[in-house]
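Scroll down for the structure; my scribbles are underneath it.
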Amino acid sequence: MSDIFKPRDDKDLEAIIQAALSRDTVLEVIGAGTKRTIGRPVQAGATLDISGLSGVTLYEPNELVLTARAGTPLAVIEEAIAATGQQLAFEPIDYAAVLGTPRGAATLGGVLACNLSGPRRLCAGAARDHFLGFSAVSGRGETFKSGGRVVKNVTGYDLCKLMAGSWGTLAVMTDVTIKVLPRPETEETVLALGLAPADAVKAMTAIMGSRCEASGAAHLPAHVALRTTAGKHHAPVTAIRIDGVAPSVAHRVREAREILGVFAPDGATLSGTASTEFWTAVRHVLPFAATGKAERPLWRISVPPSAAAKVADDICGALGGEAMWDWAGGLIWIECLPVENAGAGIVRRAIREAGGHATLIRAPAALRATVDVFQDDAAPVAALSRRIKQGFDPKGVLNPGRMWAGV
């Protein structure tokens, strides 16, 4: 069993990484470990657990800014800001359901390091767009800072964008500052029933090009929708979320119904708790929860919406399985049957033809060790990634190989 290091403060963390450098010890970096099974297994000599670096250190609701230790549970953050009527507008996914890990244990630092965003990304942007600043210790054992506590901060390089999506391979964050936004007063979800995926994408595209200002657009086939609050309709559902102040919501809901009516004569509405629960299911991919089927590979695929229906049809047709669409078709979740290499060759070929990228979110460790979990970058981008890794972590002490060989 490898050693577990749990720093109490920034100096502790710096000392641990410096000691690892001197002993040529590889560290697997985790917060709560909720996303530990995503990516290639790290063959580490020790585990660096930052869950002890926890707590909100600054929250100014009037300034829409919050600073917290990187190991602070996301549930603690969301509870604190909900008390003042605010939210994380990028609506981060919790992978607990699809990975079979404890719900609500994910840390704020982990969410930002993986750049996790939910349905509201359509209108609010990704996690990286709400990431204002941080403190961290690099793989060189050096403490550094970037950004600040104001929304408009243009001093120096914007390293927040670099850290978001690096999966702990460049540095270990200790403190992070994020932007928060007011929670909408009310929300309603307009449903179009019975659409095929290609028509659903056209309907969602029409909505996103209108004045409806939708904060969510998803399509679920009938058998997938059955696992949500929209299941009572026993039909494919194309869902559009409209939120904000009540008079505005009412007006935009009417407009959304008119647009969707061109594509589907049958419709319905989800209000209140039913709407909230539906988007919670979409956000956390609850229809593809690991319960009883953890052996089924789960792919997260991002493509141009115009290609979404064909990509899903090609992959599901070849591998078997189910799909659901988020981000107006730009994000596809595909849970396929257990097949050799999780069908990676078929998935990658479909992605190359459409343009986009795919990540294998759920698969056994032995499979993840042999299959490219993350999308292969083009040669120039891959070379740049290696140079960045070399600059921040020249001896490869932090999560080496987690994303790609040497990165």
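By order in the structure tokens, chains are A, B, ...; within a chain, residues start at 1; ligands start at 1, following the order shown.
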
Looking only at the backbone, which of the residues in range 40-165 of chain A does DSSP tag as strand (DSSP E or B), as a ChimeraX atom specification? /A:46-49,56-60,65-69,73,86-87,107,131-138,143-147

Extract the full set of helix (DSSP H, G or I) residues from range 159-301 of chain A according to DSSP on the backbone, and format it as JSON, numbers by chain. {"A": [159, 160, 161, 162, 163, 197, 198, 199, 200, 201, 202, 203, 204, 205, 206, 207, 208, 222, 223, 224, 225, 231, 232, 233, 246, 247, 248, 249, 250, 251, 252, 253, 254, 255, 256, 257, 258, 259, 260, 261, 262, 263, 272, 273, 274, 275, 276, 277, 278, 279, 280, 281, 282, 283, 286, 287, 288]}

Give me, as a PDB file with C-alpha atoms, in the first residue's frame, all polymer residues having an atom no more than 7 Å from Leu181 in chain A, counting only C-alpha atoms and skipping those fewer than 2 positions away in the same chain.
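The resulting result.pdb:
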ATOM      1  CA  LEU A  64     -20.362  37.987  -6.734  1.00  0.00           C
ATOM      2  CA  GLN A  86     -26.840  32.687  -5.681  1.00  0.00           C
ATOM      3  CA  GLN A  87     -25.481  29.770  -7.687  1.00  0.00           C
ATOM      4  CA  LEU A  88     -22.545  28.408  -9.664  1.00  0.00           C
ATOM      5  CA  ALA A  89     -23.812  29.423 -13.073  1.00  0.00           C
ATOM      6  CA  LYS A 179     -17.448  34.135  -9.833  1.00  0.00           C
ATOM      7  CA  ARG A 183     -30.142  32.205  -8.862  1.00  0.00           C
TER       8      ARG A 183
END

Can you pull out the residues contacting range 250-263 of chain A? Cut-off 7 Å, using only C-alpha atoms, and skip same-chain residues under 2 positions away; I want them as a PDB file with C-alpha atoms, in the first residue's frame.
ATOM      1  CA  VAL A 190     -41.057  23.284 -22.325  1.00  0.00           C
ATOM      2  CA  ALA A 192     -41.602  18.789 -27.483  1.00  0.00           C
ATOM      3  CA  ALA A 203     -35.624  22.311 -32.943  1.00  0.00           C
ATOM      4  CA  ILE A 207     -34.551  27.819 -29.976  1.00  0.00           C
ATOM      5  CA  CYS A 212     -36.007  32.689 -25.807  1.00  0.00           C
ATOM      6  CA  ILE A 242     -36.487  28.958 -19.565  1.00  0.00           C
ATOM      7  CA  ALA A 246     -41.663  35.369 -13.745  1.00  0.00           C
ATOM      8  CA  PRO A 247     -43.082  37.823 -16.359  1.00  0.00           C
ATOM      9  CA  SER A 248     -40.097  37.290 -18.640  1.00  0.00           C
ATOM     10  CA  PRO A 265     -47.492  19.094 -32.574  1.00  0.00           C
TER      11      PRO A 265
END

Given only C-alpha atoms as the counted atoms, nearest of A:Leu384, A:Ile334, A:Ile178, A:Ala200 to Val285 in chain A: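 Looking at the shortest contact to Val285 in chain A, the residue is A:Ile334.
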
With range 307-326 of chain A as the partner and 12 Å as the cut-off, tabulate the residues of range 222-282 of chain A that qualify, each row holding the nearest pair of atoms and their distance in Å to one decimal, using only C-alpha atoms, sorted by chain and rising number, as JSON lines.
{"residue": "A:Ala222", "atom": "CA", "partner": "A:Met324", "partner_atom": "CA", "distance": 10.1}
{"residue": "A:His223", "atom": "CA", "partner": "A:Glu322", "partner_atom": "CA", "distance": 8.7}
{"residue": "A:Val224", "atom": "CA", "partner": "A:Met324", "partner_atom": "CA", "distance": 7.3}
{"residue": "A:Ala225", "atom": "CA", "partner": "A:Met324", "partner_atom": "CA", "distance": 9.0}
{"residue": "A:Arg227", "atom": "CA", "partner": "A:Met324", "partner_atom": "CA", "distance": 11.8}
{"residue": "A:Pro236", "atom": "CA", "partner": "A:Met324", "partner_atom": "CA", "distance": 10.3}
{"residue": "A:Val237", "atom": "CA", "partner": "A:Met324", "partner_atom": "CA", "distance": 10.3}
{"residue": "A:Thr238", "atom": "CA", "partner": "A:Trp325", "partner_atom": "CA", "distance": 9.2}
{"residue": "A:Ala239", "atom": "CA", "partner": "A:Asp326", "partner_atom": "CA", "distance": 9.5}
{"residue": "A:Ile240", "atom": "CA", "partner": "A:Asp326", "partner_atom": "CA", "distance": 10.4}
{"residue": "A:Arg241", "atom": "CA", "partner": "A:Asp326", "partner_atom": "CA", "distance": 11.6}
{"residue": "A:Trp279", "atom": "CA", "partner": "A:Asp326", "partner_atom": "CA", "distance": 10.2}
{"residue": "A:Ala281", "atom": "CA", "partner": "A:Met324", "partner_atom": "CA", "distance": 11.3}
{"residue": "A:Val282", "atom": "CA", "partner": "A:Asp326", "partner_atom": "CA", "distance": 7.5}

Written selection (C-alpha atoms) as an mmCIF file, in the first residue's frame:
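Produced file result-v7.cif, reproduced below:
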data_model
loop_
_atom_site.group_PDB
_atom_site.id
_atom_site.type_symbol
_atom_site.label_atom_id
_atom_site.label_comp_id
_atom_site.auth_asym_id
_atom_site.auth_seq_id
_atom_site.Cartn_x
_atom_site.Cartn_y
_atom_site.Cartn_z
ATOM 1 C CA ALA A 222 -38.256 7.600 -24.777
ATOM 2 C CA HIS A 223 -36.502 4.767 -22.925
ATOM 3 C CA VAL A 224 -33.988 7.216 -21.413
ATOM 4 C CA ALA A 225 -36.639 9.836 -20.545
ATOM 5 C CA ARG A 227 -35.794 7.559 -15.872
ATOM 6 C CA PRO A 236 -38.892 11.048 -26.777
ATOM 7 C CA VAL A 237 -38.603 14.458 -25.116
ATOM 8 C CA THR A 238 -36.845 17.559 -26.361
ATOM 9 C CA ALA A 239 -36.547 19.840 -23.344
ATOM 10 C CA ILE A 240 -35.996 23.589 -23.262
ATOM 11 C CA ARG A 241 -35.405 25.340 -19.924
ATOM 12 C CA TRP A 279 -32.407 19.123 -15.154
ATOM 13 C CA ALA A 281 -30.987 14.237 -13.969
ATOM 14 C CA VAL A 282 -29.551 15.723 -17.165
#
